[in-house]
$ cat input.txt   # compact mmCIF, C-alpha atoms (C1' of nucleotides)
# COMPACT_ATOMS: atom_id res chain seq x y z
CA MET X 30 53.05 85.32 104.76
CA GLU X 31 54.38 83.06 102.04
CA ILE X 32 57.95 81.99 101.62
CA PRO X 33 59.30 84.07 98.73
CA THR X 34 61.54 81.38 97.31
CA GLU X 35 58.60 79.07 96.82
CA SER X 36 56.05 81.51 95.57
CA ALA X 37 57.16 81.60 91.94
CA ALA X 38 57.00 77.84 91.57
CA GLN X 39 53.76 77.77 93.50
CA ARG X 40 52.29 80.39 91.23
CA ARG X 41 53.19 78.37 88.17
CA PHE X 42 51.65 75.30 89.76
CA ASP X 43 48.37 77.04 90.58
CA GLN X 44 48.27 78.61 87.18
CA LYS X 45 48.62 75.21 85.53
CA ALA X 46 45.86 73.85 87.72
CA GLU X 47 43.64 76.71 86.57
CA GLN X 48 44.56 75.98 82.97
CA ILE X 49 43.58 72.34 83.42
CA LEU X 50 40.32 73.28 85.11
CA THR X 51 39.43 75.55 82.21
CA GLY X 52 39.98 72.80 79.69
CA ALA X 53 38.24 70.25 81.87
CA THR X 54 35.22 72.50 82.27
CA GLN X 55 34.84 72.72 78.52
CA ILE X 56 34.98 68.94 78.10
CA PHE X 57 32.80 67.98 81.08
CA LEU X 58 30.09 70.52 80.33
CA GLN X 59 29.96 69.52 76.70
CA ARG X 60 30.07 65.76 77.07
CA GLY X 61 28.96 64.94 80.61
CA TYR X 62 30.95 63.01 83.19
CA GLU X 63 31.09 59.55 81.65
CA ARG X 64 31.82 60.65 78.11
CA ALA X 65 34.49 63.09 79.21
CA SER X 66 37.79 61.26 78.85
CA MET X 67 41.01 62.26 80.53
CA ASP X 68 42.68 62.19 77.13
CA LYS X 69 40.31 64.84 75.83
CA VAL X 70 40.75 66.92 78.98
CA ALA X 71 44.53 66.81 78.59
CA LYS X 72 44.31 67.81 74.95
CA ALA X 73 41.82 70.61 75.62
CA SER X 74 44.00 71.91 78.46
CA GLY X 75 47.17 71.81 76.40
CA VAL X 76 49.00 69.56 78.87
CA SER X 77 50.05 65.94 78.92
CA LYS X 78 48.04 63.31 80.71
CA GLN X 79 50.81 62.88 83.23
CA THR X 80 50.75 66.55 84.13
CA LEU X 81 47.02 66.25 84.52
CA TYR X 82 47.45 63.41 87.01
CA SER X 83 50.14 65.30 88.91
CA HIS X 84 47.61 68.02 89.70
CA PHE X 85 44.52 65.89 90.28
CA ALA X 86 44.57 62.44 91.84
CA ASP X 87 41.95 60.98 89.52
CA LYS X 88 38.94 61.83 87.41
CA GLU X 89 36.64 62.17 90.40
CA ALA X 90 38.95 64.65 92.13
CA LEU X 91 39.08 66.72 88.99
CA PHE X 92 35.29 66.69 88.83
CA VAL X 93 35.01 67.82 92.44
CA ALA X 94 37.35 70.76 91.83
CA LEU X 95 35.42 71.67 88.70
CA VAL X 96 32.05 71.71 90.49
CA ASP X 97 33.52 73.83 93.28
CA LYS X 98 34.81 76.36 90.81
CA MET X 99 31.57 76.56 88.82
CA SER X 100 29.51 76.91 92.00
CA ARG X 101 31.63 79.79 93.24
CA ARG X 102 31.35 81.53 89.90
CA ARG X 103 27.57 81.20 89.81
CA LEU X 104 27.23 82.40 93.38
CA GLU X 105 29.17 85.57 92.62
CA GLU X 106 27.07 86.35 89.57
CA ALA X 107 23.81 85.78 91.40
CA PHE X 108 24.73 88.12 94.23
CA GLY X 109 26.25 90.84 92.11
CA SER X 110 22.79 91.76 90.87
CA ALA X 111 19.86 93.89 92.02
CA PRO X 112 19.67 95.37 95.52
CA LEU X 113 15.97 94.49 96.00
CA LYS X 114 14.83 97.89 97.25
CA GLY X 115 11.74 99.89 96.32
CA GLU X 116 8.09 99.16 95.67
CA PRO X 117 7.89 95.35 96.05
CA LYS X 118 5.94 94.39 92.94
CA ALA X 119 7.95 96.64 90.66
CA VAL X 120 11.20 95.29 92.06
CA LEU X 121 9.96 91.73 91.71
CA SER X 122 8.92 92.30 88.13
CA GLN X 123 12.34 93.66 87.30
CA LEU X 124 14.08 90.89 89.21
CA ALA X 125 12.10 88.22 87.37
CA ARG X 126 12.92 89.69 83.97
CA THR X 127 16.60 90.12 84.79
CA THR X 128 16.93 86.63 86.19
CA LEU X 129 15.10 84.99 83.29
CA THR X 130 17.21 86.88 80.77
CA GLN X 131 20.48 86.09 82.52
CA LEU X 132 19.67 82.42 82.98
CA SER X 133 18.46 82.03 79.41
CA ALA X 134 21.70 83.39 78.01
CA ASP X 135 24.22 81.46 80.08
CA GLU X 136 24.79 78.27 78.09
CA ASP X 137 27.58 77.10 80.35
CA TYR X 138 25.21 77.23 83.27
CA HIS X 139 22.60 75.17 81.39
CA ASP X 140 25.23 72.52 80.78
CA PHE X 141 26.32 72.72 84.39
CA VAL X 142 22.80 72.24 85.75
CA ARG X 143 22.27 69.36 83.35
CA LEU X 144 25.46 67.82 84.65
CA MET X 145 24.45 68.28 88.29
CA ILE X 146 21.10 66.61 87.71
CA ALA X 147 22.64 63.84 85.64
CA GLU X 148 25.21 62.97 88.32
CA SER X 149 23.02 63.57 91.36
CA LYS X 150 22.79 59.84 91.99
CA ARG X 151 26.49 59.09 91.59
CA PHE X 152 27.78 62.17 93.45
CA PRO X 153 25.04 63.08 95.93
CA GLY X 154 27.35 64.87 98.35
CA LEU X 155 28.79 67.04 95.65
CA VAL X 156 25.40 68.00 94.27
CA GLU X 157 24.16 68.73 97.77
CA LYS X 158 27.03 71.16 98.21
CA PHE X 159 26.06 72.83 94.95
CA MET X 160 22.50 73.28 96.17
CA LEU X 161 23.74 74.56 99.51
CA ASN X 162 26.00 77.13 97.87
CA VAL X 163 23.84 78.21 94.93
CA THR X 164 20.18 77.23 95.25
CA ARG X 165 19.79 77.87 98.94
CA PRO X 166 21.09 81.48 98.99
CA SER X 167 18.73 82.36 96.15
CA LEU X 168 15.79 80.91 98.02
CA LEU X 169 16.76 82.67 101.24
CA LYS X 170 17.09 86.04 99.57
CA LEU X 171 13.77 85.58 97.77
CA THR X 172 12.07 84.47 101.00
CA GLU X 173 13.36 87.53 102.80
CA PHE X 174 12.00 89.76 100.07
CA LEU X 175 8.61 88.04 99.98
CA SER X 176 8.31 88.61 103.73
CA SER X 177 7.71 92.30 103.10
CA PRO X 178 4.49 93.37 104.91
CA ASP X 179 3.34 95.15 101.75
CA LEU X 180 2.95 91.83 99.96
CA ASN X 181 1.01 90.15 102.76
CA ILE X 182 2.11 86.61 101.92
CA GLU X 183 1.24 83.96 104.46
CA ASP X 184 4.08 81.52 103.74
CA PRO X 185 6.95 83.42 102.10
CA GLU X 186 9.27 80.42 102.10
CA ALA X 187 6.86 78.15 100.24
CA THR X 188 6.03 81.00 97.88
CA ALA X 189 9.73 81.45 97.18
CA HIS X 190 9.82 77.81 96.12
CA VAL X 191 6.96 78.50 93.74
CA LEU X 192 8.63 81.52 92.16
CA LEU X 193 12.08 80.00 91.86
CA GLY X 194 10.44 76.83 90.60
CA ALA X 195 8.76 78.71 87.80
CA VAL X 196 12.06 80.27 86.78
CA VAL X 197 13.98 76.99 86.92
CA PHE X 198 11.22 75.15 85.02
CA PHE X 199 11.46 77.79 82.34
CA MET X 200 15.20 77.40 82.03
CA LEU X 201 14.87 73.63 82.15
CA THR X 202 12.22 73.25 79.45
CA GLN X 203 13.26 76.07 77.16
CA GLU X 204 17.05 75.78 77.31
CA ILE X 205 18.36 72.72 79.09
CA MET X 206 15.88 70.35 77.47
CA PRO X 207 14.86 70.78 73.83
CA GLY X 208 11.38 72.08 74.64
CA LYS X 209 11.23 75.39 72.82
CA ALA X 210 9.40 73.83 69.88
CA VAL X 211 7.06 71.70 71.98
CA ILE X 212 5.99 73.97 74.84
CA PRO X 213 7.13 77.44 73.80
CA MET X 214 6.97 80.26 76.32
CA GLU X 215 8.40 83.76 76.41
CA ALA X 216 10.28 85.17 79.38
CA ASP X 217 8.19 88.36 79.41
CA ARG X 218 4.89 86.49 79.49
CA LEU X 219 6.12 84.33 82.33
CA ALA X 220 7.39 87.31 84.31
CA THR X 221 4.09 89.13 83.85
CA ALA X 222 2.07 86.10 84.90
CA LEU X 223 4.31 85.63 87.95
CA VAL X 224 3.85 89.17 89.22
CA ALA X 225 0.11 89.06 88.51
CA LEU X 226 -0.21 86.23 91.02
CA LEU X 227 1.12 88.21 93.99
CA MET S 15 -6.08 40.11 60.45
CA GLU S 16 -3.04 38.16 61.55
CA ILE S 17 -1.92 34.85 60.16
CA PRO S 18 -2.78 32.24 62.83
CA THR S 19 0.22 30.00 62.20
CA GLU S 20 2.56 32.85 63.02
CA SER S 21 0.81 34.27 66.02
CA ALA S 22 2.18 31.86 68.61
CA ALA S 23 5.77 32.45 67.59
CA GLN S 24 5.08 36.14 67.33
CA ARG S 25 3.61 36.17 70.80
CA ARG S 26 6.72 34.51 72.20
CA PHE S 27 8.86 37.05 70.38
CA ASP S 28 6.94 40.04 71.73
CA GLN S 29 6.94 38.59 75.18
CA LYS S 30 10.71 38.24 75.11
CA ALA S 31 11.03 41.82 73.91
CA GLU S 32 8.92 42.91 76.88
CA GLN S 33 11.09 40.85 79.19
CA ILE S 34 14.20 42.53 77.84
CA LEU S 35 12.65 45.98 78.16
CA THR S 36 11.81 45.31 81.78
CA GLY S 37 15.37 44.34 82.59
CA ALA S 38 16.77 47.18 80.52
CA THR S 39 14.55 49.68 82.32
CA GLN S 40 15.93 48.59 85.64
CA ILE S 41 19.54 48.97 84.50
CA PHE S 42 19.16 52.23 82.56
CA LEU S 43 17.15 53.97 85.26
CA GLN S 44 19.58 52.89 87.93
CA ARG S 45 22.86 53.59 86.16
CA GLY S 46 22.11 56.08 83.38
CA TYR S 47 22.78 55.57 79.70
CA GLU S 48 26.58 55.46 79.59
CA ARG S 49 27.06 53.27 82.62
CA ALA S 50 24.39 50.82 81.55
CA SER S 51 26.21 48.01 79.78
CA MET S 52 24.59 45.54 77.43
CA ASP S 53 26.06 42.74 79.51
CA LYS S 54 24.23 43.97 82.58
CA VAL S 55 21.01 44.40 80.60
CA ALA S 56 21.26 40.84 79.32
CA LYS S 57 21.88 39.48 82.80
CA ALA S 58 19.06 41.54 84.36
CA SER S 59 16.69 40.40 81.61
CA GLY S 60 17.65 36.75 81.97
CA VAL S 61 18.63 36.38 78.32
CA SER S 62 21.91 36.09 76.48
CA LYS S 63 23.52 39.04 74.79
CA GLN S 64 22.87 37.51 71.41
CA THR S 65 19.15 37.28 72.11
CA LEU S 66 19.27 40.88 73.20
CA TYR S 67 20.80 41.91 69.88
CA SER S 68 18.28 39.84 67.92
CA HIS S 69 15.48 41.98 69.35
CA PHE S 70 17.19 45.37 69.32
CA ALA S 71 19.67 46.50 66.69
CA ASP S 72 21.97 48.27 69.14
CA LYS S 73 22.10 50.08 72.46
CA GLU S 74 20.52 53.23 71.06
CA ALA S 75 17.55 51.35 69.62
CA LEU S 76 16.98 49.69 72.96
CA PHE S 77 17.07 53.09 74.64
CA VAL S 78 14.53 54.50 72.18
CA ALA S 79 12.13 51.64 72.86
CA LEU S 80 12.61 52.07 76.59
CA VAL S 81 11.82 55.80 76.50
CA ASP S 82 8.72 55.14 74.40
CA LYS S 83 7.45 52.62 76.88
CA MET S 84 8.11 54.77 79.94
CA SER S 85 6.47 57.78 78.28
CA ARG S 86 3.32 55.82 77.49
CA ARG S 87 3.15 54.53 81.03
CA ARG S 88 3.48 57.99 82.54
CA LEU S 89 0.89 59.42 80.17
CA GLU S 90 -1.67 56.83 81.18
CA GLU S 91 -1.14 57.43 84.88
CA ALA S 92 -1.37 61.17 84.50
CA PHE S 93 -4.67 61.00 82.65
CA GLY S 94 -6.26 58.34 84.75
CA SER S 95 -6.61 60.86 87.57
CA ALA S 96 -9.05 63.58 88.59
CA PRO S 97 -11.83 64.81 86.30
CA LEU S 98 -11.26 68.49 87.14
CA LYS S 99 -14.88 69.39 87.83
CA GLY S 100 -16.31 71.50 90.62
CA GLU S 101 -15.38 74.70 92.41
CA PRO S 102 -12.08 75.69 90.75
CA LYS S 103 -9.94 76.48 93.78
CA ALA S 104 -11.02 73.39 95.68
CA VAL S 105 -10.35 71.20 92.68
CA LEU S 106 -6.97 72.81 92.13
CA SER S 107 -6.02 72.32 95.75
CA GLN S 108 -6.89 68.65 95.54
CA LEU S 109 -5.15 68.29 92.18
CA ALA S 110 -1.97 69.86 93.52
CA ARG S 111 -1.89 67.58 96.54
CA THR S 112 -2.61 64.46 94.52
CA THR S 113 0.00 65.30 91.91
CA LEU S 114 2.68 66.16 94.45
CA THR S 115 2.01 62.98 96.37
CA GLN S 116 2.04 60.78 93.27
CA LEU S 117 5.16 62.35 91.86
CA SER S 118 7.01 62.17 95.16
CA ALA S 119 6.36 58.47 95.50
CA ASP S 120 7.27 57.29 92.00
CA GLU S 121 10.99 56.59 92.22
CA ASP S 122 11.14 55.10 88.76
CA TYR S 123 9.81 58.34 87.37
CA HIS S 124 12.44 60.35 89.25
CA ASP S 125 15.12 58.20 87.66
CA PHE S 126 13.45 58.55 84.29
CA VAL S 127 13.31 62.34 84.45
CA ARG S 128 16.92 62.44 85.57
CA LEU S 129 17.79 60.28 82.59
CA MET S 130 15.85 62.50 80.17
CA ILE S 131 17.61 65.63 81.41
CA ALA S 132 20.99 63.92 81.43
CA GLU S 133 20.68 62.75 77.82
CA SER S 134 18.86 65.78 76.44
CA LYS S 135 21.98 66.86 74.62
CA ARG S 136 22.85 63.49 73.09
CA PHE S 137 19.28 62.46 72.20
CA PRO S 138 17.40 65.73 71.65
CA GLY S 139 14.78 64.23 69.33
CA LEU S 140 13.94 61.52 71.80
CA VAL S 141 13.63 63.92 74.71
CA GLU S 142 11.50 66.22 72.59
CA LYS S 143 9.12 63.34 71.97
CA PHE S 144 8.95 62.72 75.71
CA MET S 145 8.02 66.34 76.32
CA LEU S 146 5.47 66.23 73.52
CA ASN S 147 3.82 63.10 74.92
CA VAL S 148 4.05 63.78 78.65
CA THR S 149 4.79 67.40 79.53
CA ARG S 150 2.67 69.03 76.85
CA PRO S 151 -0.62 67.22 77.65
CA SER S 152 -0.25 68.16 81.31
CA LEU S 153 0.27 71.80 80.43
CA LEU S 154 -2.67 71.81 78.03
CA LYS S 155 -5.03 70.28 80.55
CA LEU S 156 -3.88 72.71 83.22
CA THR S 157 -4.22 75.67 80.85
CA GLU S 158 -7.75 74.63 79.97
CA PHE S 159 -8.62 74.44 83.63
CA LEU S 160 -7.05 77.80 84.46
CA SER S 161 -9.13 79.37 81.69
CA SER S 162 -12.23 79.04 83.85
CA PRO S 163 -13.95 82.46 84.08
CA ASP S 164 -14.27 82.01 87.85
CA LEU S 165 -10.52 82.28 88.25
CA ASN S 166 -10.17 85.40 86.11
CA ILE S 167 -6.59 84.70 85.01
CA GLU S 168 -5.25 86.92 82.29
CA ASP S 169 -2.71 84.50 80.78
CA PRO S 170 -3.75 80.93 81.67
CA GLU S 171 -1.01 79.35 79.58
CA ALA S 172 1.82 81.25 81.26
CA THR S 173 0.21 80.61 84.63
CA ALA S 174 0.10 76.90 83.84
CA HIS S 175 3.87 77.06 83.32
CA VAL S 176 4.20 78.65 86.76
CA LEU S 177 2.12 76.01 88.49
CA LEU S 178 3.64 73.02 86.74
CA GLY S 179 7.05 74.61 87.27
CA ALA S 180 6.49 74.74 91.00
CA VAL S 181 5.51 71.08 91.06
CA VAL S 182 8.44 69.98 88.91
CA PHE S 183 10.88 72.08 90.94
CA PHE S 184 9.60 70.40 94.07
CA MET S 185 10.11 66.93 92.62
CA LEU S 186 13.49 67.96 91.24
CA THR S 187 14.94 69.41 94.41
CA GLN S 188 13.33 67.10 96.96
CA GLU S 189 13.54 63.77 95.15
CA ILE S 190 15.61 63.80 91.98
CA MET S 191 18.43 65.85 93.46
CA PRO S 192 19.54 65.35 97.07
CA GLY S 193 17.99 68.58 98.31
CA LYS S 194 15.74 67.44 101.14
CA ALA S 195 18.36 68.27 103.74
CA VAL S 196 19.42 71.57 102.17
CA ILE S 197 16.17 73.23 101.10
CA PRO S 198 13.45 71.19 102.79
CA MET S 199 9.83 71.77 101.82
CA GLU S 200 6.62 69.90 102.47
CA ALA S 201 4.11 69.06 99.77
CA ASP S 202 1.20 70.40 101.80
CA ARG S 203 2.83 73.76 102.41
CA LEU S 204 3.64 74.09 98.73
CA ALA S 205 0.10 73.15 97.67
CA THR S 206 -1.37 75.65 100.10
CA ALA S 207 0.94 78.42 98.93
CA LEU S 208 0.11 77.62 95.31
CA VAL S 209 -3.63 77.88 95.78
CA ALA S 210 -3.27 81.03 97.88
CA LEU S 211 -1.72 82.77 94.89
CA LEU S 212 -4.75 82.33 92.60
C1' DG D 18 58.20 68.04 85.73
C1' DT D 19 56.87 66.78 81.38
C1' DC D 20 56.28 63.65 77.46
C1' DT D 21 55.59 58.90 75.05
C1' DA D 22 54.30 54.33 75.56
C1' DT D 23 51.76 50.85 77.65
C1' DA D 24 49.34 47.78 81.21
C1' DC D 25 44.96 46.38 82.34
C1' DC D 26 40.10 46.48 82.13
C1' DC D 27 35.45 46.86 80.32
C1' DC D 28 32.64 48.22 76.48
C1' DG D 29 29.59 47.18 72.20
C1' DA D 30 29.00 44.04 68.77
C1' DT D 31 29.66 39.49 66.31
C1' DA D 32 31.04 34.52 65.00
C1' DG D 33 30.38 29.80 65.43
C1' DA D 34 28.71 25.72 68.04
C1' DC D 35 24.39 23.50 69.09
C1' DG G 14 17.00 31.02 68.29
C1' DT G 15 20.00 30.72 71.94
C1' DC G 16 24.45 30.25 74.25
C1' DT G 17 29.82 30.79 74.94
C1' DA G 18 33.82 32.84 73.31
C1' DT G 19 36.06 36.49 71.21
C1' DC G 20 37.44 40.81 68.51
C1' DG G 21 38.54 45.59 68.10
C1' DG G 22 38.47 49.88 70.47
C1' DG G 23 38.82 53.13 74.03
C1' DG G 24 38.81 53.99 79.05
C1' DT G 25 41.73 55.16 83.46
C1' DA G 26 45.89 55.18 85.39
C1' DT G 27 50.97 54.42 85.54
C1' DA G 28 55.99 53.41 84.21
C1' DG G 29 60.13 54.89 82.18
C1' DA G 30 62.78 58.05 79.11
C1' DC G 31 64.51 62.72 79.13
$ encode --input "input.txt" --output "structure tokens"
Amino acid sequence: MEIPTESAAQRRFDQKAEQILTGATQIFLQRGYERASMDKVAKASGVSKQTLYSHFADKEALFVALVDKMSRRRLEEAFGSAPLKGEPKAVLSQLARTTLTQLSADEDYHDFVRLMIAESKRFPGLVEKFMLNVTRPSLLKLTEFLSSPDLNIEDPEATAHVLLGAVVFFMLTQEIMPGKAVIPMEADRLATALVALL
Amino acid sequence: MEIPTESAAQRRFDQKAEQILTGATQIFLQRGYERASMDKVAKASGVSKQTLYSHFADKEALFVALVDKMSRRRLEEAFGSAPLKGEPKAVLSQLARTTLTQLSADEDYHDFVRLMIAESKRFPGLVEKFMLNVTRPSLLKLTEFLSSPDLNIEDPEATAHVLLGAVVFFMLTQEIMPGKAVIPMEADRLATALVALL
DNA sequence: GTCTATACCCCGATAGAC
DNA sequence: GTCTATCGGGGTATAGAC
């Protein structure tokens, strides 16, 4: 139970933190960590730099909070999707198409992944947490599905790496990197080729 | 034909440019573009900052030259490998293992790929050239191989994306990002699972 | 609590001595 | 051509007015 007399002020405080995080997300995703200045974050958030520093100790702390928030958001979206029931190959085909379509459309997520890879050397612990909270659950769910006796796959876990790898490579080369013109590929062709392998 | 009286001076000039590129490579790969300062490049190269600027117009020009050099190097190593002759599945198994081993060991290349992804938004033309000179040839060679009638693959090009995607995802999660502890996978298991799919 | 102003540092790029 | 010294600008973070 919260103390009523504090809750109004607390609510305003949290709300301002959210407001800052929203502005910060825009700046960090667009410009990357180094080129994102605290001045620009303050301006994009509609607060002063001092207010910014009263909510977050420094730039790194702000970045940590931002990654946490983005990871939670992505996790929710990933698990709000298909139930994975029915004839395995048909389900997999649908899952591949849905995933490829969703991932191709989410520009914020492309920027976020680019940021995670870019800063994986400077913030290894943070990126590891991202992989633990986002990548790992996807792999586990996929592994579980590929373990279906109907599919008769010897090493479902390694196969899950292959399938997720194909999807991530697609997103990486077609959207995150400017590869559409150089090595073009269509989501439907990839999905069809994926299912044909199983 | 070159003018003999100039060749000695020219040779010294080119050699110094190489020396600078070597130092610059070390700094850029280690720190990324933004955190790589021209002071540090000069120090790592063993030249003064003025000498640095007499060989390269500015930081961006140095970066362009660096990416060109790294791309050429990677291309040569990729094509100096297996001849891709023999029983298809056996060759593919060997190719997968060799590639995974080589890519896992080359730390400079991990840093380079991280750098290309990180700067893909700021230097799209440069990254596109990298993909054209490195990624595309690998895909083409793999597609050609997967077109073998023995394998009976309906869409070799899309399948090549799947296979290369699996390899890149492995390098990305196990080496470029700190994922070994979170989603561990062994190269041999992945190679086996890959071949089992064909 | 929130704003304006600023301290302090490091960056890329250049000038001038040799 | 090469070095040392420096300029202008922008970065993070903080101090002081209100």
$ atom_distance --input "input.txt" --atom1 "CA of Lys88 in chain X" --atom2 "C1' of DT25 in chain G"
8.2 Å
$ closest_atom_pairs --input "input.txt" --of "chain D" --to "chain S" --cutoff "12 Å" --atoms "only C-alpha atoms (C1' of nucleotides)" --output "JSON lines"
{"residue": "D:DC27", "atom": "C1'", "partner": "S:Ser51", "partner_atom": "CA", "distance": 9.3}
{"residue": "D:DC28", "atom": "C1'", "partner": "S:Ser51", "partner_atom": "CA", "distance": 7.2}
{"residue": "D:DG29", "atom": "C1'", "partner": "S:Met52", "partner_atom": "CA", "distance": 7.4}
{"residue": "D:DA30", "atom": "C1'", "partner": "S:Asp72", "partner_atom": "CA", "distance": 8.2}
{"residue": "D:DT31", "atom": "C1'", "partner": "S:Gln64", "partner_atom": "CA", "distance": 8.7}
{"residue": "D:DA32", "atom": "C1'", "partner": "S:Gln64", "partner_atom": "CA", "distance": 10.8}
$ atom_distance --input "input.txt" --atom1 "C1' of DG33 in chain D" --atom2 "CA of His69 in chain S"
19.6 Å
$ residues_around --input "input.txt" --residues "range 20-26 of chain D" --least-positions-apart "4" --cutoff "12 Å" --atoms "only C-alpha atoms (C1' of nucleotides)" --output "PyMOL selection string"
(chain X and resi 76-81) or (chain G and resi 23-31)
$ write_last_selection --input "input.txt" --atoms "C-alpha atoms (C1' of nucleotides)" --output "short mmCIF file (atom, residue, chain, number, x, y, z; two decimals), in the frame of the given file"
data_model
loop_
_atom_site.label_atom_id
_atom_site.label_comp_id
_atom_site.auth_asym_id
_atom_site.auth_seq_id
_atom_site.Cartn_x
_atom_site.Cartn_y
_atom_site.Cartn_z
CA VAL X 76 49.00 69.56 78.87
CA SER X 77 50.05 65.94 78.92
CA LYS X 78 48.04 63.31 80.71
CA GLN X 79 50.81 62.88 83.23
CA THR X 80 50.75 66.55 84.13
CA LEU X 81 47.02 66.25 84.52
"C1'" DG G 23 38.82 53.13 74.03
"C1'" DG G 24 38.81 53.99 79.05
"C1'" DT G 25 41.73 55.16 83.46
"C1'" DA G 26 45.89 55.18 85.39
"C1'" DT G 27 50.97 54.42 85.54
"C1'" DA G 28 55.99 53.41 84.21
"C1'" DG G 29 60.13 54.89 82.18
"C1'" DA G 30 62.78 58.05 79.11
"C1'" DC G 31 64.51 62.72 79.13
#
$ interface_residues --input "input.txt" --of "chain G" --to "chain S" --cutoff "12 Å" --atoms "only C-alpha atoms (C1' of nucleotides)" --output "list in words"
DG14, DT15, DC16 and DT17 of chain G
$ axis_aligned_box --input "input.txt" --around "range 16-28 of chain G" --padding-each-side "3 Å" --output "AutoDock Vina command-line options"
--center_x 40.2 --center_y 42.7 --center_z 76.8 --size_x 37.5 --size_y 30.9 --size_z 23.4
$ atom_distance --input "input.txt" --atom1 "CA of Asp184 in chain X" --atom2 "CA of Ala205 in chain S"
11.1 Å
$ interface_residues --input "input.txt" --of "chain S" --to "chain X" --cutoff "7 Å" --atoms "all atoms listed in the file" --output "list in words"
Glu48, Arg128, Leu129, Ile131, Ala132, Ser134, Pro138, Glu142, Met145, Leu146, Arg150, Asp169, Ala172, Thr173, His175, Val176, Gly179, Ala180, Phe183, Met191, Pro192, Gly193, Val196, Ile197, Arg203, Leu204, Ala207, Leu211 and Leu212 of chain S
